[in-house]
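K.L.:
Take this structure first; my questions come after.
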Amino acid sequence: MLEDPRLNRHLKNLSRCELKRLVTRVAFETMQRSVAYSKLGEMVFPHHVRLSTHAHDNAGPKFGIRLFGPNFRAREQLSLGGAEVRSVDMLQVPTPWHNCVVNMAGHSTLIMTKSKVVRDALSKGSFSGG
């Protein structure tokens, strides 16, 4: 959440302290909306199952599903041997809308990583592609 506001021309001149304060407020409001949405779903659809692409303990009312099969790896670097993304709290499971899916020629493994990692690797000439 600290990266996106820096791309907004109206927020570029905020100090780090002001930016952190804004991001904290936005994060809190996002969590409030998520709780409200979950409660609304439970009220309107009391006998339905709610699926999520983020990890959950699967004890209900929300159940996590995998978007990718066994040939998928989330990596912090653009390489097959790179460090796998680890999450202490399991809330930051990589999803395609927060990351970039990379298909490397000659390899059956798909890699998911941040787009900045891909841009940096391409600009340094470490990899070629588009």
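Ordering of the structure tokens sets the chain letters (A, B, ...), residue numbers begin anew at 1 in every chain, and ligands are numbered from 1 in the order given.
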If you count only C-alpha atoms, which residues fall within 12 Å of His48 (chain A), apart from same-chain ones fewer than 4 positions away, as a list in words?

P.N.:
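With the cut-off at 12 Å, the set is Gly41, Glu42, Met43, Val44, Gly60, Pro61, Lys62 and Phe63 of chain A.
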
K.L.:
Would you put the residues from that selection into a file with C-alpha atoms, as a compact mmCIF listing (two decimals), in the first residue's frame?

P.N.:
```txt
# COMPACT_ATOMS: atom_id res chain seq x y z
CA GLY A 41 -22.77 -12.05 2.06
CA GLU A 42 -23.57 -14.15 5.12
CA MET A 43 -26.92 -12.36 5.56
CA VAL A 44 -28.01 -12.56 1.92
CA GLY A 60 -15.48 -21.39 7.50
CA PRO A 61 -17.23 -19.24 6.61
CA LYS A 62 -14.60 -18.57 3.94
CA PHE A 63 -12.56 -21.26 2.20
```

K.L.:
Please extract the residues of region 28-111 of chain A with a backbone DSSP assignment of helix (DSSP H, G or I) and present them as a VMD selection string.

P.N.:
chain A and resid 28 to 44

K.L.:
Taking the DSSP assignment computed from this structure's backbone, write out as a PDB file with N, CA and C atoms, in the first residue's frame all residues of chain A that belong to strand (DSSP E).

P.N.:
```pdb
ATOM      1  N   ARG A  50     -18.404 -19.418   0.713  1.00  0.00           N
ATOM      2  CA  ARG A  50     -17.636 -18.294   0.164  1.00  0.00           C
ATOM      3  C   ARG A  50     -16.209 -18.761  -0.093  1.00  0.00           C
ATOM      4  N   LEU A  51     -15.760 -18.601  -1.334  1.00  0.00           N
ATOM      5  CA  LEU A  51     -14.412 -18.997  -1.718  1.00  0.00           C
ATOM      6  C   LEU A  51     -13.516 -17.772  -1.790  1.00  0.00           C
ATOM      7  N   SER A  52     -12.240 -17.988  -1.512  1.00  0.00           N
ATOM      8  CA  SER A  52     -11.271 -16.906  -1.543  1.00  0.00           C
ATOM      9  C   SER A  52      -9.977 -17.389  -2.175  1.00  0.00           C
ATOM     10  N   LYS A  62     -15.294 -18.775   5.207  1.00  0.00           N
ATOM     11  CA  LYS A  62     -14.595 -18.571   3.941  1.00  0.00           C
ATOM     12  C   LYS A  62     -13.586 -19.699   3.749  1.00  0.00           C
ATOM     13  N   PHE A  63     -13.456 -20.151   2.504  1.00  0.00           N
ATOM     14  CA  PHE A  63     -12.565 -21.262   2.203  1.00  0.00           C
ATOM     15  C   PHE A  63     -11.598 -20.860   1.095  1.00  0.00           C
ATOM     16  N   GLY A  64     -10.327 -21.119   1.325  1.00  0.00           N
ATOM     17  CA  GLY A  64      -9.304 -20.760   0.352  1.00  0.00           C
ATOM     18  C   GLY A  64      -9.196 -21.786  -0.761  1.00  0.00           C
ATOM     19  N   PHE A  72       3.516 -24.279 -10.386  1.00  0.00           N
ATOM     20  CA  PHE A  72       3.535 -22.843 -10.119  1.00  0.00           C
ATOM     21  C   PHE A  72       4.358 -22.567  -8.869  1.00  0.00           C
ATOM     22  N   ARG A  73       5.208 -21.532  -8.933  1.00  0.00           N
ATOM     23  CA  ARG A  73       6.009 -21.134  -7.780  1.00  0.00           C
ATOM     24  C   ARG A  73       6.000 -19.615  -7.643  1.00  0.00           C
ATOM     25  N   ALA A  74       5.779 -19.146  -6.436  1.00  0.00           N
ATOM     26  CA  ALA A  74       5.896 -17.707  -6.152  1.00  0.00           C
ATOM     27  C   ALA A  74       7.345 -17.453  -5.749  1.00  0.00           C
ATOM     28  N   CYS A 100       2.920 -10.670 -11.149  1.00  0.00           N
ATOM     29  CA  CYS A 100       3.133 -10.892 -12.569  1.00  0.00           C
ATOM     30  C   CYS A 100       3.430 -12.378 -12.774  1.00  0.00           C
ATOM     31  N   VAL A 101       2.740 -13.011 -13.708  1.00  0.00           N
ATOM     32  CA  VAL A 101       2.984 -14.416 -14.011  1.00  0.00           C
ATOM     33  C   VAL A 101       4.014 -14.482 -15.135  1.00  0.00           C
ATOM     34  N   VAL A 102       5.075 -15.259 -14.921  1.00  0.00           N
ATOM     35  CA  VAL A 102       6.168 -15.359 -15.881  1.00  0.00           C
ATOM     36  C   VAL A 102       6.256 -16.793 -16.387  1.00  0.00           C
ATOM     37  N   ASN A 103       6.291 -16.929 -17.709  1.00  0.00           N
ATOM     38  CA  ASN A 103       6.468 -18.222 -18.349  1.00  0.00           C
ATOM     39  C   ASN A 103       7.837 -18.202 -19.004  1.00  0.00           C
ATOM     40  N   LEU A 110       5.687 -22.211 -13.873  1.00  0.00           N
ATOM     41  CA  LEU A 110       5.292 -20.810 -13.964  1.00  0.00           C
ATOM     42  C   LEU A 110       5.793 -20.104 -12.720  1.00  0.00           C
ATOM     43  N   ILE A 111       6.259 -18.880 -12.885  1.00  0.00           N
ATOM     44  CA  ILE A 111       6.765 -18.104 -11.754  1.00  0.00           C
ATOM     45  C   ILE A 111       5.877 -16.886 -11.558  1.00  0.00           C
ATOM     46  N   MET A 112       5.517 -16.623 -10.314  1.00  0.00           N
ATOM     47  CA  MET A 112       4.790 -15.405  -9.998  1.00  0.00           C
ATOM     48  C   MET A 112       5.694 -14.545  -9.134  1.00  0.00           C
ATOM     49  N   THR A 113       5.840 -13.288  -9.550  1.00  0.00           N
ATOM     50  CA  THR A 113       6.692 -12.365  -8.816  1.00  0.00           C
ATOM     51  C   THR A 113       6.184 -10.949  -9.052  1.00  0.00           C
TER      52      THR A 113
END
```

K.L.:
Contacts of region 115-124 of chain A at 8 Å or less, counting only C-alpha atoms, minus same-chain residues fewer than 4 places along, as a ChimeraX atom specification?

P.N.:
/A:76-78,99-100,128-129

K.L.:
Selection from above, N, CA and C atoms, as an mmCIF file, in the first residue's frame, can you write it?

P.N.:
```
data_model
loop_
_atom_site.group_PDB
_atom_site.id
_atom_site.type_symbol
_atom_site.label_atom_id
_atom_site.label_comp_id
_atom_site.auth_asym_id
_atom_site.auth_seq_id
_atom_site.Cartn_x
_atom_site.Cartn_y
_atom_site.Cartn_z
ATOM 1 N N GLU A 76 10.690 -14.540 -5.104
ATOM 2 C CA GLU A 76 11.112 -13.163 -4.833
ATOM 3 C C GLU A 76 12.083 -12.678 -5.891
ATOM 4 N N GLN A 77 12.626 -13.613 -6.692
ATOM 5 C CA GLN A 77 13.551 -13.285 -7.772
ATOM 6 C C GLN A 77 13.064 -13.958 -9.043
ATOM 7 N N LEU A 78 13.543 -13.454 -10.169
ATOM 8 C CA LEU A 78 13.156 -14.047 -11.445
ATOM 9 C C LEU A 78 14.155 -15.136 -11.811
ATOM 10 N N ASN A 99 0.580 -9.365 -8.719
ATOM 11 C CA ASN A 99 1.871 -9.839 -9.175
ATOM 12 C C ASN A 99 1.885 -10.030 -10.680
ATOM 13 N N CYS A 100 2.920 -10.670 -11.149
ATOM 14 C CA CYS A 100 3.133 -10.892 -12.569
ATOM 15 C C CYS A 100 3.430 -12.378 -12.774
ATOM 16 N N SER A 128 15.554 -11.882 -21.518
ATOM 17 C CA SER A 128 14.932 -11.184 -22.633
ATOM 18 C C SER A 128 13.485 -11.638 -22.688
ATOM 19 N N GLY A 129 12.650 -10.784 -23.173
ATOM 20 C CA GLY A 129 11.236 -11.140 -23.265
ATOM 21 C C GLY A 129 10.373 -9.906 -23.354
#
```

K.L.:
So the first atom is CA of Arg75 (chain A) and the second is CA of Ala105 (chain A); what is the distance between them in Å, to one decimal place?

P.N.:
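Taking CA of Arg75 (chain A) as the start and CA of Ala105 (chain A) as the end point, the length is 16.8 Å.
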
K.L.:
Report, in Å with one decimal, the straight-line distance from CA of Ala36 (chain A) to CA of Ala59 (chain A).

P.N.:
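The value is 19.6 Å.
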